[in-house]
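A.B. asks: Sending over work.cif (mmCIF, C-alpha atoms and all ligand atoms).
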data_structure
loop_
_atom_site.label_atom_id
_atom_site.label_comp_id
_atom_site.auth_asym_id
_atom_site.auth_seq_id
_atom_site.Cartn_x
_atom_site.Cartn_y
_atom_site.Cartn_z
CA ALA A 1 98.59 60.06 142.90
CA LYS A 2 98.69 63.82 142.42
CA VAL A 3 95.39 65.55 143.08
CA ALA A 4 94.26 69.15 142.54
CA VAL A 5 91.39 70.39 144.71
CA LEU A 6 89.02 73.06 143.39
CA ILE A 7 87.10 75.18 145.87
CA SER A 8 84.91 78.29 145.91
CA GLY A 9 84.34 78.87 149.61
CA ARG A 10 84.84 77.48 153.10
CA GLY A 11 86.87 74.49 151.97
CA SER A 12 86.12 72.10 154.81
CA ASN A 13 86.11 69.12 152.43
CA MET A 14 89.44 70.32 151.00
CA GLN A 15 90.80 70.37 154.56
CA ALA A 16 89.58 66.82 155.12
CA LEU A 17 91.29 65.73 151.89
CA VAL A 18 94.54 67.42 152.94
CA GLU A 19 94.41 65.93 156.43
CA HIS A 20 93.82 62.39 155.18
CA ALA A 21 96.43 62.48 152.40
CA ASP A 22 98.86 59.55 152.55
CA ASP A 23 100.67 57.18 150.17
CA ALA A 24 97.51 56.88 148.08
CA TYR A 25 97.29 60.54 147.09
CA GLU A 26 98.80 63.95 147.71
CA ILE A 27 97.26 67.39 147.19
CA VAL A 28 99.54 69.21 144.75
CA VAL A 29 97.50 72.40 144.36
CA VAL A 30 94.38 74.05 145.75
CA ALA A 31 92.67 76.23 143.13
CA SER A 32 89.79 78.66 143.57
CA ASP A 33 87.60 80.73 141.27
CA ARG A 34 87.10 83.10 144.22
CA PRO A 35 90.33 84.72 145.39
CA SER A 36 88.59 85.63 148.69
CA ALA A 37 87.57 82.04 149.48
CA PRO A 38 88.26 81.28 153.17
CA GLY A 39 89.53 77.83 152.19
CA LEU A 40 92.24 79.41 150.08
CA ALA A 41 93.61 81.30 153.10
CA TRP A 42 93.69 78.02 155.03
CA ALA A 43 95.60 76.33 152.20
CA ILE A 44 98.14 79.15 152.03
CA GLN A 45 98.62 79.04 155.83
CA HIS A 46 99.27 75.33 155.57
CA GLY A 47 101.93 75.78 152.91
CA LEU A 48 100.01 74.27 150.03
CA PRO A 49 100.54 75.54 146.48
CA THR A 50 97.51 77.59 145.47
CA PHE A 51 96.04 79.15 142.36
CA ALA A 52 93.32 81.80 142.49
CA LEU A 53 91.66 83.53 139.59
CA SER A 54 88.22 85.05 139.13
CA PRO A 55 86.58 84.44 135.76
CA LYS A 56 84.91 87.84 136.02
CA GLY A 57 85.88 90.05 133.12
CA ILE A 58 88.06 87.51 131.31
CA GLY A 59 85.43 85.01 130.18
CA LYS A 60 85.16 81.30 130.77
CA PRO A 61 87.50 80.04 128.02
CA VAL A 62 90.39 82.22 129.19
CA PHE A 63 89.67 81.40 132.83
CA GLU A 64 89.57 77.66 132.18
CA ALA A 65 92.71 77.74 130.03
CA ALA A 66 94.57 79.41 132.90
CA LEU A 67 93.13 76.94 135.40
CA ASP A 68 94.04 73.98 133.23
CA GLY A 69 97.56 75.34 132.82
CA ALA A 70 98.00 75.82 136.56
CA LEU A 71 96.79 72.30 137.35
CA ARG A 72 99.07 70.72 134.75
CA GLU A 73 101.99 72.87 135.92
CA ALA A 74 101.41 71.52 139.44
CA GLY A 75 101.56 67.99 138.05
CA ALA A 76 97.94 67.17 138.85
CA GLU A 77 96.61 63.89 137.46
CA TRP A 78 93.19 64.06 139.12
CA ILE A 79 90.81 66.82 140.14
CA ALA A 80 88.64 66.76 143.26
CA LEU A 81 85.86 69.36 143.33
CA ALA A 82 85.12 70.41 146.91
CA GLY A 83 82.44 73.05 147.10
CA TYR A 84 83.42 74.34 143.67
CA MET A 85 80.33 76.31 142.69
CA ARG A 86 80.99 76.97 139.02
CA LEU A 87 80.08 74.64 136.18
CA LEU A 88 83.07 73.38 134.25
CA SER A 89 82.63 73.57 130.48
CA ASP A 90 82.13 70.43 128.42
CA GLU A 91 85.54 71.10 126.85
CA PHE A 92 87.28 71.22 130.23
CA VAL A 93 85.51 68.05 131.42
CA ALA A 94 86.47 66.29 128.17
CA LYS A 95 90.13 67.21 128.65
CA TRP A 96 90.08 65.58 132.10
CA HIS A 97 87.72 62.78 131.09
CA GLY A 98 87.10 60.36 133.95
CA ARG A 99 89.60 62.18 136.16
CA ILE A 100 87.33 64.64 137.96
CA VAL A 101 85.32 63.74 141.05
CA ASN A 102 82.87 65.77 143.13
CA ILE A 103 81.19 65.53 146.51
CA HIS A 104 77.49 66.26 146.57
CA PRO A 105 75.30 66.58 149.68
CA SER A 106 72.55 64.13 148.76
CA LEU A 107 72.07 60.46 148.01
CA LEU A 108 72.33 60.74 144.23
CA PRO A 109 70.45 60.36 141.95
CA LYS A 110 68.14 62.22 144.35
CA TYR A 111 68.43 66.00 144.65
CA LYS A 112 70.92 67.02 142.01
CA GLY A 113 71.75 70.72 142.10
CA LEU A 114 71.29 73.10 145.02
CA ASP A 115 69.29 73.19 148.30
CA THR A 116 69.50 69.44 148.72
CA HIS A 117 68.79 69.34 152.47
CA ALA A 118 65.74 71.60 152.35
CA ARG A 119 64.36 69.51 149.50
CA ALA A 120 64.93 66.22 151.36
CA ILE A 121 63.17 67.58 154.46
CA ALA A 122 60.30 69.02 152.42
CA ALA A 123 59.83 65.62 150.78
CA GLY A 124 59.53 63.95 154.19
CA ASP A 125 62.63 61.79 153.65
CA THR A 126 63.92 59.99 156.75
CA VAL A 127 67.37 59.36 155.29
CA GLY A 128 69.72 61.81 153.62
CA GLY A 129 73.44 61.76 153.02
CA CYS A 130 76.21 62.49 150.58
CA SER A 131 77.72 61.04 147.42
CA VAL A 132 81.06 61.15 145.67
CA HIS A 133 80.67 60.85 141.91
CA VAL A 134 82.61 61.13 138.69
CA VAL A 135 82.07 64.47 136.97
CA THR A 136 80.66 64.29 133.47
CA GLU A 137 79.19 66.94 131.18
CA GLU A 138 75.78 66.46 132.83
CA LEU A 139 75.38 68.04 136.31
CA ASP A 140 75.68 65.61 139.25
CA ALA A 141 74.95 62.66 136.94
CA GLY A 142 78.27 60.75 136.65
CA GLU A 143 78.96 57.34 138.15
CA VAL A 144 78.47 57.26 141.92
CA LEU A 145 81.66 56.01 143.59
CA GLY A 146 80.52 56.00 147.19
CA GLN A 147 77.75 57.21 149.48
CA ARG A 148 77.09 57.68 153.15
CA GLU A 149 73.64 57.81 154.69
CA VAL A 150 72.63 60.16 157.51
CA ALA A 151 69.33 59.82 159.38
CA ILE A 152 66.98 62.81 159.10
CA GLU A 153 65.35 63.60 162.45
CA SER A 154 61.86 65.07 162.68
CA ASP A 155 63.21 68.30 164.19
CA ASP A 156 65.98 68.75 161.63
CA THR A 157 66.29 72.00 159.73
CA ALA A 158 68.29 72.32 156.53
CA GLU A 159 71.09 73.76 158.68
CA THR A 160 71.22 71.02 161.34
CA LEU A 161 71.02 68.33 158.68
CA ALA A 162 73.71 70.02 156.58
CA ALA A 163 76.05 70.05 159.58
CA ARG A 164 75.67 66.29 160.17
CA VAL A 165 75.94 65.45 156.49
CA LEU A 166 79.08 67.60 156.29
CA GLU A 167 80.76 65.42 158.93
CA ALA A 168 79.89 62.38 156.85
CA GLU A 169 81.30 64.12 153.77
CA HIS A 170 84.63 64.64 155.53
CA GLN A 171 84.90 60.90 156.17
CA LEU A 172 83.56 59.72 152.83
CA TYR A 173 85.55 61.90 150.44
CA PRO A 174 89.13 60.94 151.40
CA ALA A 175 88.21 57.24 151.57
CA VAL A 176 86.57 57.23 148.14
CA LEU A 177 89.34 59.30 146.57
CA LYS A 178 91.93 56.79 147.76
CA GLU A 179 90.08 53.97 146.01
CA PHE A 180 89.36 56.01 142.91
CA VAL A 181 92.97 57.00 142.16
CA ARG A 182 94.00 53.33 142.35
CA ARG A 183 91.82 52.57 139.33
C1 LIG B 201 79.56 70.67 150.73
O1 LIG B 201 78.34 70.43 151.36
C2 LIG B 201 79.62 69.92 149.42
O2 LIG B 201 78.96 68.70 149.45
C3 LIG B 201 78.94 70.86 148.48
O3 LIG B 201 79.31 72.14 148.89
C4 LIG B 201 79.68 72.12 150.28
C5 LIG B 201 81.07 72.63 150.36
O4 LIG B 201 81.50 72.80 151.67
N1 LIG B 201 79.28 70.54 147.12
P1 LIG B 201 83.05 73.03 151.96
O5 LIG B 201 83.48 74.24 151.15
O6 LIG B 201 83.79 71.79 151.56
O7 LIG B 201 83.16 73.30 153.43
#
Translate the structure described by the file into C-alpha cells.
Ligand code: GRF

C.D. replies:
Amino acid sequence: AKVAVLISGRGSNMQALVEHADDAYEIVVVASDRPSAPGLAWAIQHGLPTFALSPKGIGKPVFEAALDGALREAGAEWIALAGYMRLLSDEFVAKWHGRIVNIHPSLLPKYKGLDTHARAIAAGDTVGGCSVHVVTEELDAGEVLGQREVAIESDDTAETLAARVLEAEHQLYPAVLKEFVRR
C-alpha cells in the first residue's frame, strides 16, 4: 500500500513509519505545511520524495489543491498524519474519505485537541497513552483503530509523560497502519 505522511515539525512518528515500512506499506511521499520542519530535512537526507508548501499567502483552497495534487502524483492511496498541526478542510477529508489516519497523544475519546498530557495530569489520571484513529471532519473523533496505555507516575510532568507516550506512539503507529491498509 502506498502511504503519504503529512508532518509539521519534528517528524519522529514519520521516522518510525519509514523505519517499519515493509510489504504491508511503503512511504511514497513526506509532505509538510512548514518548509522548515526538521522532519522534512530528515526525509530528504533519507532519499524520500518530499513536498513542502506553506499555506501562508496563498489561502487554504490553493494550498490543499497543491497538496492533493502532490499526493496523487506520488501515487498515494492513504494518508498518515504525523504531527500535522493544521486542520484539513471538510472538502479535503471528503476527497480522501476513510483513507486518512492520525496519531493522537491521549486515550481517545479523552483529551481531544492540544495539551493532552498536562490535562491528563491535572485530572489526576493514572493512565495515559496514545490512539490511532480515522480522520473525519470532526477533530480527533473518527473511529479508533488502536491504542496503547502508558502509566502516569505521581512525579510525571507533561514533558516526562510526553516522552514515554511518544515511545509508545512509535510502536503503535506502524503496527496499526499495517492492519488498516489491509482493510
Ligand atoms: C506526537 O505526540 C503526535 O501524537 C502528535 O504530535 C506529536 C508529533 O510528534 N499529534 P512528531 O512530529 O511525530 O515527533

A.B. asks: Which neighbours of range 51-64 of chain A fall inside 8 Å, counting all atoms listed in the file, when residues of the same chain fewer than 4 positions from it are skipped, and could you give them as a list in words?

C.D. replies: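 Listed by chain and then number, they are Val29, Val30, Ala31, Ser32, Asp33, Arg34, Pro35, Asp68, Ala70 and Phe92 of chain A.
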
A.B. asks: Go ahead and compute the interatomic distance for CA of Thr116 in chain A and CA of Glu137 in chain A, in Å to one decimal.

C.D. replies: 20.2 Å

A.B. asks: Please write out the residues within 9 Å of ligand LIG 201 (chain B) as an MDAnalysis selection string, counting all atoms listed in the file.

C.D. replies: chainID A and resid 7:16 37:39 81:85 102:106 114 130:132 162:163 165:166 169:170

A.B. asks: Those same residues - C-alpha atoms - I'd like them written as a short mmCIF file (atom, residue, chain, number, x, y, z; two decimals), in the frame of the given file.

C.D. replies:
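Once written, out19.cif looks like this:
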data_model
loop_
_atom_site.label_atom_id
_atom_site.label_comp_id
_atom_site.auth_asym_id
_atom_site.auth_seq_id
_atom_site.Cartn_x
_atom_site.Cartn_y
_atom_site.Cartn_z
CA ILE A 7 87.10 75.18 145.87
CA SER A 8 84.91 78.29 145.91
CA GLY A 9 84.34 78.87 149.61
CA ARG A 10 84.84 77.48 153.10
CA GLY A 11 86.87 74.49 151.97
CA SER A 12 86.12 72.10 154.81
CA ASN A 13 86.11 69.12 152.43
CA MET A 14 89.44 70.32 151.00
CA GLN A 15 90.80 70.37 154.56
CA ALA A 16 89.58 66.82 155.12
CA ALA A 37 87.57 82.04 149.48
CA PRO A 38 88.26 81.28 153.17
CA GLY A 39 89.53 77.83 152.19
CA LEU A 81 85.86 69.36 143.33
CA ALA A 82 85.12 70.41 146.91
CA GLY A 83 82.44 73.05 147.10
CA TYR A 84 83.42 74.34 143.67
CA MET A 85 80.33 76.31 142.69
CA ASN A 102 82.87 65.77 143.13
CA ILE A 103 81.19 65.53 146.51
CA HIS A 104 77.49 66.26 146.57
CA PRO A 105 75.30 66.58 149.68
CA SER A 106 72.55 64.13 148.76
CA LEU A 114 71.29 73.10 145.02
CA CYS A 130 76.21 62.49 150.58
CA SER A 131 77.72 61.04 147.42
CA VAL A 132 81.06 61.15 145.67
CA ALA A 162 73.71 70.02 156.58
CA ALA A 163 76.05 70.05 159.58
CA VAL A 165 75.94 65.45 156.49
CA LEU A 166 79.08 67.60 156.29
CA GLU A 169 81.30 64.12 153.77
CA HIS A 170 84.63 64.64 155.53
#

A.B. asks: Any idea what's packed within 12 Å of Leu145 in chain A, counting only C-alpha atoms, ignoring anything in its chain fewer than 3 positions away? Could you give it as a PyMOL selection string?

C.D. replies: chain A and resi 98+100-104+107-108+130-135+141-142+148+172-181+183

A.B. asks: Report, in Å to a single decimal, how far apart CA of Asp155 in chain A and CA of Val127 in chain A are.

C.D. replies: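 For CA of Val127 in chain A relative to CA of Asp155 in chain A, the distance reads 13.3 Å.
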
A.B. asks: Could you jot down the CA of Glu159 in chain A to CA of Ile27 in chain A separation for me, Å, one decimal place?

C.D. replies: 29.3 Å

A.B. asks: Counting only C-alpha atoms, write as a ChimeraX atom specification all protein and nucleic acid residues lying at most 12 Å from (65.9, 74.1, 159.4) in the file's frame.

C.D. replies: /A:115,117-122,152-163

A.B. asks: Counting only C-alpha atoms, which residues sit no farther than 7 Å from the position (74.7, 62.5, 160.4) in the file's frame? I'd like them as a PyMOL selection string.

C.D. replies: chain A and resi 150-151+164-165+167-168

A.B. asks: Using all atoms listed in the file, which of A:Ala76, A:Ala4, A:Leu88, A:Leu139 sits nearest Leu17 in chain A?

C.D. replies: A:Ala4

A.B. asks: Considering all atoms listed in the file, state which residue in the set A:Ala24, A:Gly113, A:Ala123, A:Ala65 is at the smallest distance from Arg86 in chain A.

C.D. replies: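 Among the listed residues, A:Gly113 lies closest to Arg86 in chain A.
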